[in-house]
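Dumped start_24.cif below, it's mmCIF, C-alpha atoms, pLDDT in the B column; chains and numbers go by the auth columns:
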```cif
data_final
#
loop_
_atom_site.group_PDB
_atom_site.id
_atom_site.type_symbol
_atom_site.label_atom_id
_atom_site.label_comp_id
_atom_site.label_asym_id
_atom_site.label_seq_id
_atom_site.Cartn_x
_atom_site.Cartn_y
_atom_site.Cartn_z
_atom_site.B_iso_or_equiv
_atom_site.auth_seq_id
_atom_site.auth_asym_id
ATOM 1 C CA MET A 1 6.577 -6.429 -11.017 89.00 251 W
ATOM 2 C CA ARG A 2 6.733 -10.184 -10.444 93.00 252 W
ATOM 3 C CA VAL A 3 7.309 -12.365 -7.410 95.00 253 W
ATOM 4 C CA GLN A 4 8.736 -15.672 -8.609 96.00 254 W
ATOM 5 C CA GLY A 5 8.747 -18.827 -6.486 96.00 255 W
ATOM 6 C CA VAL A 6 9.431 -17.057 -3.207 97.00 256 W
ATOM 7 C CA SER A 7 9.852 -19.093 -0.028 97.00 257 W
ATOM 8 C CA LYS A 8 10.684 -17.864 3.466 97.00 258 W
ATOM 9 C CA SER A 9 11.012 -19.765 6.737 96.00 259 W
ATOM 10 C CA TYR A 10 11.488 -18.640 10.321 94.00 260 W
ATOM 11 C CA GLU A 11 13.382 -21.617 11.796 90.00 261 W
ATOM 12 C CA SER A 12 10.924 -24.515 11.306 90.00 262 W
ATOM 13 C CA PHE A 13 7.917 -22.334 10.389 93.00 263 W
ATOM 14 C CA LYS A 14 7.307 -21.844 6.664 94.00 264 W
ATOM 15 C CA ALA A 15 5.849 -18.352 6.215 96.00 265 W
ATOM 16 C CA LEU A 16 5.907 -18.504 2.402 97.00 266 W
ATOM 17 C CA GLU A 17 6.311 -21.514 0.157 96.00 267 W
ATOM 18 C CA GLY A 18 6.837 -21.232 -3.592 95.00 268 W
ATOM 19 C CA LEU A 19 4.712 -18.096 -3.927 96.00 269 W
ATOM 20 C CA SER A 20 4.420 -16.408 -7.328 96.00 270 W
ATOM 21 C CA LEU A 21 2.348 -13.397 -8.355 95.00 271 W
ATOM 22 C CA GLU A 22 2.343 -10.460 -10.748 94.00 272 W
ATOM 23 C CA LEU A 23 1.371 -6.836 -10.159 94.00 273 W
ATOM 24 C CA ARG A 24 0.206 -4.968 -13.248 94.00 274 W
ATOM 25 C CA ALA A 25 0.362 -1.240 -13.937 93.00 275 W
ATOM 26 C CA GLY A 26 -2.827 0.645 -13.155 94.00 276 W
ATOM 27 C CA GLU A 27 -4.425 -2.179 -11.159 96.00 277 W
ATOM 28 C CA LEU A 28 -5.411 -2.569 -7.519 97.00 278 W
ATOM 29 C CA THR A 29 -4.588 -6.053 -6.260 97.00 279 W
ATOM 30 C CA ALA A 30 -5.819 -7.190 -2.854 97.00 280 W
ATOM 31 C CA VAL A 31 -4.224 -9.997 -0.884 96.00 281 W
ATOM 32 C CA ILE A 32 -6.470 -11.658 1.687 93.00 282 W
ATOM 33 C CA GLY A 33 -6.267 -14.662 3.963 89.00 283 W
ATOM 34 C CA PRO A 34 -6.495 -15.692 7.599 87.00 284 W
ATOM 35 C CA ASN A 35 -3.982 -14.518 10.191 87.00 285 W
ATOM 36 C CA GLY A 36 -0.678 -16.309 9.692 88.00 286 W
ATOM 37 C CA ALA A 37 -1.219 -16.773 5.960 92.00 287 W
ATOM 38 C CA GLY A 38 2.041 -14.942 5.158 94.00 288 W
ATOM 39 C CA LYS A 39 0.750 -11.557 4.006 94.00 289 W
ATOM 40 C CA SER A 40 3.129 -9.505 6.185 93.00 290 W
ATOM 41 C CA THR A 41 6.129 -11.593 5.143 96.00 291 W
ATOM 42 C CA LEU A 42 5.186 -11.121 1.495 96.00 292 W
ATOM 43 C CA PHE A 43 5.073 -7.335 1.952 95.00 293 W
ATOM 44 C CA LYS A 44 8.445 -7.315 3.709 94.00 294 W
ATOM 45 C CA ILE A 45 10.089 -9.320 0.941 95.00 295 W
ATOM 46 C CA ILE A 46 8.704 -7.070 -1.795 94.00 296 W
ATOM 47 C CA ALA A 47 9.907 -4.048 0.205 91.00 297 W
ATOM 48 C CA ALA A 48 13.373 -5.665 0.587 91.00 298 W
ATOM 49 C CA GLU A 49 13.089 -5.710 4.374 93.00 299 W
ATOM 50 C CA LEU A 50 13.574 -9.482 4.238 94.00 300 W
ATOM 51 C CA LYS A 51 15.501 -11.692 1.844 95.00 301 W
ATOM 52 C CA PRO A 52 13.697 -14.763 0.547 96.00 302 W
ATOM 53 C CA ASP A 53 15.240 -18.180 1.148 97.00 303 W
ATOM 54 C CA GLU A 54 14.315 -19.075 -2.422 96.00 304 W
ATOM 55 C CA GLY A 55 12.906 -17.200 -5.402 96.00 305 W
ATOM 56 C CA ARG A 56 13.170 -13.537 -6.308 95.00 306 W
ATOM 57 C CA VAL A 57 11.341 -10.281 -6.899 93.00 307 W
ATOM 58 C CA VAL A 58 11.684 -9.069 -10.497 91.00 308 W
ATOM 59 C CA TRP A 59 11.259 -5.410 -11.342 86.00 309 W
ATOM 60 C CA PRO A 60 10.807 -3.992 -14.864 77.00 310 W
ATOM 61 C CA LEU A 61 13.958 -2.895 -16.673 67.00 311 W
ATOM 62 C CA ASN A 62 15.176 0.583 -15.641 62.00 312 W
ATOM 63 C CA SER A 63 12.712 0.623 -12.733 60.00 313 W
ATOM 64 C CA PRO A 64 14.639 0.669 -9.445 55.00 314 W
ATOM 65 C CA ARG A 65 13.114 -0.562 -6.194 57.00 315 W
ATOM 66 C CA THR A 66 13.306 3.024 -4.960 56.00 316 W
ATOM 67 C CA ARG A 67 10.206 3.676 -7.070 80.00 317 W
ATOM 68 C CA MET A 68 8.087 2.005 -4.408 88.00 318 W
ATOM 69 C CA GLY A 69 5.766 3.576 -1.861 91.00 319 W
ATOM 70 C CA ARG A 70 4.380 2.036 1.299 92.00 320 W
ATOM 71 C CA THR A 71 1.811 2.717 3.983 91.00 321 W
ATOM 72 C CA PHE A 72 1.645 0.792 7.235 86.00 322 W
ATOM 73 C CA GLN A 73 -1.064 -0.658 9.445 82.00 323 W
ATOM 74 C CA VAL A 74 -0.236 1.977 12.068 77.00 324 W
ATOM 75 C CA ALA A 75 0.333 5.385 10.471 76.00 325 W
ATOM 76 C CA GLU A 76 3.727 6.989 11.116 76.00 326 W
ATOM 77 C CA ILE A 77 3.912 10.807 11.279 85.00 327 W
ATOM 78 C CA PHE A 78 5.943 13.607 12.873 89.00 328 W
ATOM 79 C CA ARG A 79 3.384 15.020 15.284 90.00 329 W
ATOM 80 C CA HIS A 80 4.894 18.521 15.505 92.00 330 W
ATOM 81 C CA LEU A 81 5.319 19.091 11.761 94.00 331 W
ATOM 82 C CA SER A 82 2.580 20.615 9.654 96.00 332 W
ATOM 83 C CA VAL A 83 0.904 18.748 6.815 96.00 333 W
ATOM 84 C CA LYS A 84 2.702 20.973 4.298 95.00 334 W
ATOM 85 C CA ASP A 85 6.065 20.367 5.982 94.00 335 W
ATOM 86 C CA HIS A 86 5.510 16.611 5.699 94.00 336 W
ATOM 87 C CA LEU A 87 4.867 16.852 1.978 95.00 337 W
ATOM 88 C CA GLN A 88 7.821 19.183 1.345 94.00 338 W
ATOM 89 C CA LEU A 89 10.204 16.863 3.169 91.00 339 W
ATOM 90 C CA ALA A 90 8.881 13.818 1.297 91.00 340 W
ATOM 91 C CA LEU A 91 9.213 15.576 -2.050 92.00 341 W
ATOM 92 C CA HIS A 92 12.680 16.901 -1.179 90.00 342 W
ATOM 93 C CA ALA A 93 13.798 13.324 -0.452 86.00 343 W
ATOM 94 C CA ALA A 94 12.087 12.020 -3.617 83.00 344 W
ATOM 95 C CA PHE A 95 14.021 14.547 -5.709 77.00 345 W
ATOM 96 C CA GLY A 96 17.285 13.289 -4.211 70.00 346 W
ATOM 97 C CA GLY A 97 17.880 16.131 -1.791 60.00 347 W
ATOM 98 C CA ARG A 98 19.364 15.996 1.703 59.00 348 W
ATOM 99 C CA TRP A 99 17.837 18.041 4.474 57.00 349 W
ATOM 100 C CA SER A 100 19.819 20.828 6.088 54.00 350 W
ATOM 101 C CA PHE A 101 18.738 23.661 8.371 47.00 351 W
ATOM 102 C CA PHE A 102 20.852 25.965 6.229 44.00 352 W
ATOM 103 C CA LYS A 103 19.029 25.254 2.976 59.00 353 W
ATOM 104 C CA THR A 104 15.534 26.051 1.754 72.00 354 W
ATOM 105 C CA PHE A 105 13.369 23.843 -0.394 80.00 355 W
ATOM 106 C CA SER A 106 13.662 24.223 -4.153 85.00 356 W
ATOM 107 C CA LYS A 107 10.966 25.968 -6.158 88.00 357 W
ATOM 108 C CA GLU A 108 10.077 22.601 -7.677 89.00 358 W
ATOM 109 C CA VAL A 109 9.440 21.106 -4.229 91.00 359 W
ATOM 110 C CA LEU A 110 7.365 24.071 -3.089 91.00 360 W
ATOM 111 C CA THR A 111 5.255 24.037 -6.257 93.00 361 W
ATOM 112 C CA GLN A 112 4.711 20.281 -6.174 93.00 362 W
ATOM 113 C CA ALA A 113 3.758 20.395 -2.492 94.00 363 W
ATOM 114 C CA GLU A 114 0.994 22.901 -3.268 95.00 364 W
ATOM 115 C CA HIS A 115 -0.203 20.658 -6.087 94.00 365 W
ATOM 116 C CA MET A 116 -0.312 17.620 -3.801 94.00 366 W
ATOM 117 C CA LEU A 117 -2.221 19.518 -1.132 95.00 367 W
ATOM 118 C CA ASP A 118 -4.909 20.151 -3.739 94.00 368 W
ATOM 119 C CA GLU A 119 -4.797 16.686 -5.277 90.00 369 W
ATOM 120 C CA PHE A 120 -5.169 14.872 -1.968 92.00 370 W
ATOM 121 C CA LYS A 121 -7.704 17.350 -0.566 91.00 371 W
ATOM 122 C CA LEU A 122 -5.413 18.526 2.234 95.00 372 W
ATOM 123 C CA SER A 123 -5.179 22.246 1.391 95.00 373 W
ATOM 124 C CA HIS A 124 -7.408 23.277 4.287 96.00 374 W
ATOM 125 C CA LEU A 125 -5.058 21.426 6.654 96.00 375 W
ATOM 126 C CA ALA A 126 -1.775 22.665 5.148 96.00 376 W
ATOM 127 C CA HIS A 127 -0.570 24.530 8.234 96.00 377 W
ATOM 128 C CA GLN A 128 -2.074 22.244 10.862 96.00 378 W
ATOM 129 C CA ARG A 129 0.244 20.075 12.923 95.00 379 W
ATOM 130 C CA ALA A 130 -0.053 16.406 12.081 94.00 380 W
ATOM 131 C CA GLY A 131 -0.553 15.550 15.747 93.00 381 W
ATOM 132 C CA GLU A 132 -3.765 17.577 15.727 95.00 382 W
ATOM 133 C CA LEU A 133 -5.326 15.778 12.756 93.00 383 W
ATOM 134 C CA SER A 134 -8.179 13.313 12.947 91.00 384 W
ATOM 135 C CA TYR A 135 -7.117 9.738 12.334 89.00 385 W
ATOM 136 C CA GLY A 136 -8.843 9.774 8.953 89.00 386 W
ATOM 137 C CA ASP A 137 -6.830 12.822 7.889 92.00 387 W
ATOM 138 C CA VAL A 138 -3.613 11.178 9.148 93.00 388 W
ATOM 139 C CA ARG A 139 -4.376 8.255 6.833 91.00 389 W
ATOM 140 C CA LYS A 140 -4.914 10.653 3.911 92.00 390 W
ATOM 141 C CA LEU A 141 -1.598 12.356 4.688 94.00 391 W
ATOM 142 C CA GLU A 142 0.187 9.001 4.868 94.00 392 W
ATOM 143 C CA PHE A 143 -1.212 8.059 1.455 94.00 393 W
ATOM 144 C CA ALA A 144 -0.047 11.384 -0.003 94.00 394 W
ATOM 145 C CA LEU A 145 3.451 10.907 1.438 94.00 395 W
ATOM 146 C CA ALA A 146 3.677 7.432 -0.089 93.00 396 W
ATOM 147 C CA CYS A 147 2.859 8.950 -3.483 93.00 397 W
ATOM 148 C CA ALA A 148 5.446 11.732 -3.307 90.00 398 W
ATOM 149 C CA ALA A 149 8.068 9.769 -5.250 85.00 399 W
ATOM 150 C CA GLN A 150 5.565 8.772 -7.968 89.00 400 W
ATOM 151 C CA PRO A 151 6.053 5.070 -7.183 91.00 401 W
ATOM 152 C CA LEU A 152 5.629 2.304 -9.727 91.00 402 W
ATOM 153 C CA VAL A 153 4.447 -0.016 -6.942 94.00 403 W
ATOM 154 C CA LEU A 154 2.522 1.006 -3.829 95.00 404 W
ATOM 155 C CA LEU A 155 2.133 -1.372 -0.872 96.00 405 W
ATOM 156 C CA MET A 156 -0.724 -0.536 1.508 95.00 406 W
ATOM 157 C CA ASP A 157 -1.138 -2.493 4.728 92.00 407 W
ATOM 158 C CA GLU A 158 -4.766 -2.173 5.865 91.00 408 W
ATOM 159 C CA PRO A 159 -5.106 1.400 4.554 91.00 409 W
ATOM 160 C CA SER A 160 -8.567 1.947 6.059 88.00 410 W
ATOM 161 C CA SER A 161 -7.770 0.592 9.522 85.00 411 W
ATOM 162 C CA GLY A 162 -9.319 2.727 12.264 84.00 412 W
ATOM 163 C CA MET A 163 -11.335 4.905 9.873 88.00 413 W
ATOM 164 C CA ALA A 164 -15.079 5.554 9.858 88.00 414 W
ATOM 165 C CA GLU A 165 -17.062 4.067 6.963 88.00 415 W
ATOM 166 C CA PRO A 166 -17.408 7.265 4.865 90.00 416 W
ATOM 167 C CA GLU A 167 -13.682 8.000 5.308 91.00 417 W
ATOM 168 C CA ARG A 168 -12.736 4.460 4.282 92.00 418 W
ATOM 169 C CA LEU A 169 -14.727 4.670 1.072 93.00 419 W
ATOM 170 C CA ALA A 170 -13.376 8.135 0.248 92.00 420 W
ATOM 171 C CA LEU A 171 -9.772 7.007 0.805 92.00 421 W
ATOM 172 C CA MET A 172 -10.109 3.926 -1.382 94.00 422 W
ATOM 173 C CA GLN A 173 -11.797 5.988 -4.108 94.00 423 W
ATOM 174 C CA SER A 174 -8.775 8.308 -4.016 93.00 424 W
ATOM 175 C CA VAL A 175 -6.397 5.345 -4.192 94.00 425 W
ATOM 176 C CA ARG A 176 -8.232 3.919 -7.205 94.00 426 W
ATOM 177 C CA ALA A 177 -8.309 7.262 -9.031 93.00 427 W
ATOM 178 C CA TRP A 178 -4.622 7.897 -8.360 93.00 428 W
ATOM 179 C CA CYS A 179 -3.701 4.359 -9.416 93.00 429 W
ATOM 180 C CA GLU A 180 -5.541 4.716 -12.729 93.00 430 W
ATOM 181 C CA ARG A 181 -4.087 8.171 -13.414 93.00 431 W
ATOM 182 C CA THR A 182 -0.466 7.311 -12.669 93.00 432 W
ATOM 183 C CA GLN A 183 -0.592 3.654 -13.784 94.00 433 W
ATOM 184 C CA CYS A 184 0.929 2.576 -10.486 94.00 434 W
ATOM 185 C CA ALA A 185 0.467 -1.038 -9.385 95.00 435 W
ATOM 186 C CA VAL A 186 -1.139 -1.186 -5.927 96.00 436 W
ATOM 187 C CA LEU A 187 -1.011 -4.195 -3.600 97.00 437 W
ATOM 188 C CA PHE A 188 -3.094 -3.880 -0.447 97.00 438 W
ATOM 189 C CA THR A 189 -4.267 -5.978 2.472 94.00 439 W
ATOM 190 C CA GLU A 190 -7.616 -5.284 4.035 91.00 440 W
ATOM 191 C CA HIS A 191 -9.747 -7.039 6.652 86.00 441 W
ATOM 192 C CA SER A 192 -12.950 -5.640 5.157 87.00 442 W
ATOM 193 C CA PRO A 193 -14.221 -7.980 2.398 87.00 443 W
ATOM 194 C CA GLU A 194 -16.596 -5.239 1.288 89.00 444 W
ATOM 195 C CA LEU A 195 -13.713 -2.894 0.433 93.00 445 W
ATOM 196 C CA VAL A 196 -11.707 -5.694 -1.184 93.00 446 W
ATOM 197 C CA PHE A 197 -14.490 -6.743 -3.524 92.00 447 W
ATOM 198 C CA GLU A 198 -15.556 -3.195 -4.359 94.00 448 W
ATOM 199 C CA PHE A 199 -12.133 -1.745 -5.188 96.00 449 W
ATOM 200 C CA ALA A 200 -9.749 -4.561 -6.156 96.00 450 W
ATOM 201 C CA GLN A 201 -9.550 -5.668 -9.773 96.00 451 W
ATOM 202 C CA ASN A 202 -7.501 -8.723 -8.842 96.00 452 W
ATOM 203 C CA VAL A 203 -7.692 -10.691 -5.579 96.00 453 W
ATOM 204 C CA LEU A 204 -5.034 -13.056 -4.220 95.00 454 W
ATOM 205 C CA VAL A 205 -6.085 -15.509 -1.517 94.00 455 W
ATOM 206 C CA MET A 206 -3.325 -16.882 0.720 94.00 456 W
ATOM 207 C CA GLN A 207 -3.371 -19.791 3.134 91.00 457 W
ATOM 208 C CA ALA A 208 -0.429 -21.148 5.131 92.00 458 W
ATOM 209 C CA GLY A 209 2.159 -19.358 2.992 94.00 459 W
ATOM 210 C CA ARG A 210 0.752 -20.529 -0.313 94.00 460 W
ATOM 211 C CA LEU A 211 -1.394 -18.895 -2.960 93.00 461 W
ATOM 212 C CA LEU A 212 -4.767 -20.634 -2.676 91.00 462 W
ATOM 213 C CA MET A 213 -6.193 -18.888 -5.737 92.00 463 W
ATOM 214 C CA GLN A 214 -6.289 -15.599 -7.594 93.00 464 W
ATOM 215 C CA GLY A 215 -8.858 -14.021 -9.861 94.00 465 W
ATOM 216 C CA SER A 216 -11.467 -11.330 -10.181 94.00 466 W
ATOM 217 C CA PRO A 217 -13.516 -10.401 -7.104 93.00 467 W
ATOM 218 C CA GLN A 218 -16.472 -12.339 -8.488 93.00 468 W
ATOM 219 C CA GLN A 219 -14.392 -15.463 -9.138 93.00 469 W
ATOM 220 C CA VAL A 220 -12.955 -15.352 -5.614 92.00 470 W
ATOM 221 C CA GLN A 221 -16.332 -14.780 -3.974 89.00 471 W
ATOM 222 C CA ASN A 222 -17.861 -17.728 -5.826 89.00 472 W
ATOM 223 C CA ASP A 223 -15.039 -20.186 -5.177 90.00 473 W
ATOM 224 C CA PRO A 224 -16.155 -22.885 -2.671 88.00 474 W
ATOM 225 C CA GLN A 225 -12.642 -23.401 -1.293 84.00 475 W
ATOM 226 C CA VAL A 226 -12.187 -19.673 -0.595 85.00 476 W
ATOM 227 C CA GLN A 227 -15.595 -19.521 1.068 81.00 477 W
ATOM 228 C CA SER A 228 -14.578 -22.382 3.331 79.00 478 W
ATOM 229 C CA VAL A 229 -11.145 -21.040 4.242 71.00 479 W
ATOM 230 C CA TYR A 230 -11.752 -17.298 4.448 68.00 480 W
ATOM 231 C CA LEU A 231 -15.075 -15.756 3.536 61.00 481 W
ATOM 232 C CA LYS A 232 -17.321 -17.899 5.719 57.00 482 W
ATOM 233 C CA SER A 233 -15.802 -16.459 8.860 51.00 483 W
ATOM 234 C CA LYS A 234 -15.755 -12.930 7.446 57.00 484 W
ATOM 235 C CA VAL A 235 -19.099 -12.310 5.809 45.00 485 W
ATOM 236 C CA GLY A 236 -21.230 -15.301 6.709 38.00 486 W
ATOM 237 C CA VAL A 237 -21.174 -16.886 3.271 35.00 487 W
#
```
Write-out of the structure in structure tokens:
Amino acid sequence: MRVQGVSKSYESFKALEGLSLELRAGELTAVIGPNGAGKSTLFKIIAAELKPDEGRVVWPLNSPRTRMGRTFQVAEIFRHLSVKDHLQLALHAAFGGRWSFFKTFSKEVLTQAEHMLDEFKLSHLAHQRAGELSYGDVRKLEFALACAAQPLVLLMDEPSSGMAEPERLALMQSVRAWCERTQCAVLFTEHSPELVFEFAQNVLVMQAGRLLMQGSPQQVQNDPQVQSVYLKSKVGV
């Protein structure tokens, strides 16, 4: 998927200006930058929540935008539904079904839900209400729900926010393994440079709505301009 020359303004404020990037199958791409760099606007344009003033988002042939998953900075769940119910509803929607109290889930949905409980290490929580989960387990559930439709592109807004260190590492390891297995392209934002440079294969650095640079984690870490704009305040470079 490619973003080509995208610009977006809010009245006189330019949130994005001539931004171009490419997301490749099977890769984790991180986008970093100071507050106000345009990261949230970029996510909203890719997700079709906003229309760019200029430029466009180009998807592969025969790959509709519906094949996109997303997680948010603040996890969204139905507190009174069980973990298994969440997955069944997500899968039912992914398979094109409409919910009705007078219909049961298909055998395909039920089977796939059991598979996802195992794959995302949620089996022991299958019948627990989402409102009773730890925040780390809510994040795991949100990730699983985003994967229900087998997306070609997955957008993750600060996926480890609010999680303890071991949980953050475990979640990102799961994201990387799933990305490699399914060949999904993942774009994520993250305030932790340590997670960015450990898990991303490609790093985009934004400043004032523009792409300052992109490259491997090592290239970004060693770039003097990036150190000045971003990393110095984050990790004491």
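Nearest residue to Ala325 (chain W) among W:Leu337, W:Ile282, W:Ala427, W:Leu395 is W:Leu395, counting only C-alpha atoms.
If you count only C-alpha atoms and ignore residues fewer than 2 places along the chain from Glu364 (chain W), what sits within 10 Å of it is Lys334, Leu337, Gln338, Val359, Leu360, Thr361, Gln362, Met366, Leu367, Asp368, Glu369, Leu372, Ser373 and Ala376 of chain W.
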| Which residues match the PyMOL selection byres ((chain W and resi 252-258) around 10) in the file above, as a ChimeraX atom specification? | /W:251,259-261,263-274,288,291-292,295-296,300-310,459-460
| field | Interatomic distance, CA of Leu375 (chain W) to CA of Thr439 (chain W) (Å, one decimal) | value | 27.7 Å
| query | Can you list what the PyMOL selection byres ((chain W and resi 445) around 12) grabs from this structure, as a PyMOL selection string? | reply | chain W and resi 278-282+408-411+415-423+425-426+438-444+446-451+453+467
| request: Write out as a ChimeraX atom specification which residues come within 12 Å of Gly276 (chain W) when counting all atoms listed in the file, dropping same-chain ones fewer than 4 positions away. | output: /W:251,401-404,425-437,450-452
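CA of Thr321 (chain W) to CA of Asp407 (chain W) spans 6.0 Å [interatomic distance, one decimal].
When CA of Asn285 (chain W) is paired with CA of Met413 (chain W), their separation reads 20.8 Å.
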| task | For the structure shown, which residues end up in the PyMOL selection byres ((chain W and resi 333) around 12)? Put them as an NGL selection string, please? | result | :W and (327-332 or 334-340 or 363-364 or 366-367 or 370-383 or 387-392 or 394-395)
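In terms of minimum interatomic distance to Leu454 (chain W), W:Gly283 ranks closest within W:Ala275, W:Leu405, W:Gly283, W:Ser262, counting all atoms listed in the file.
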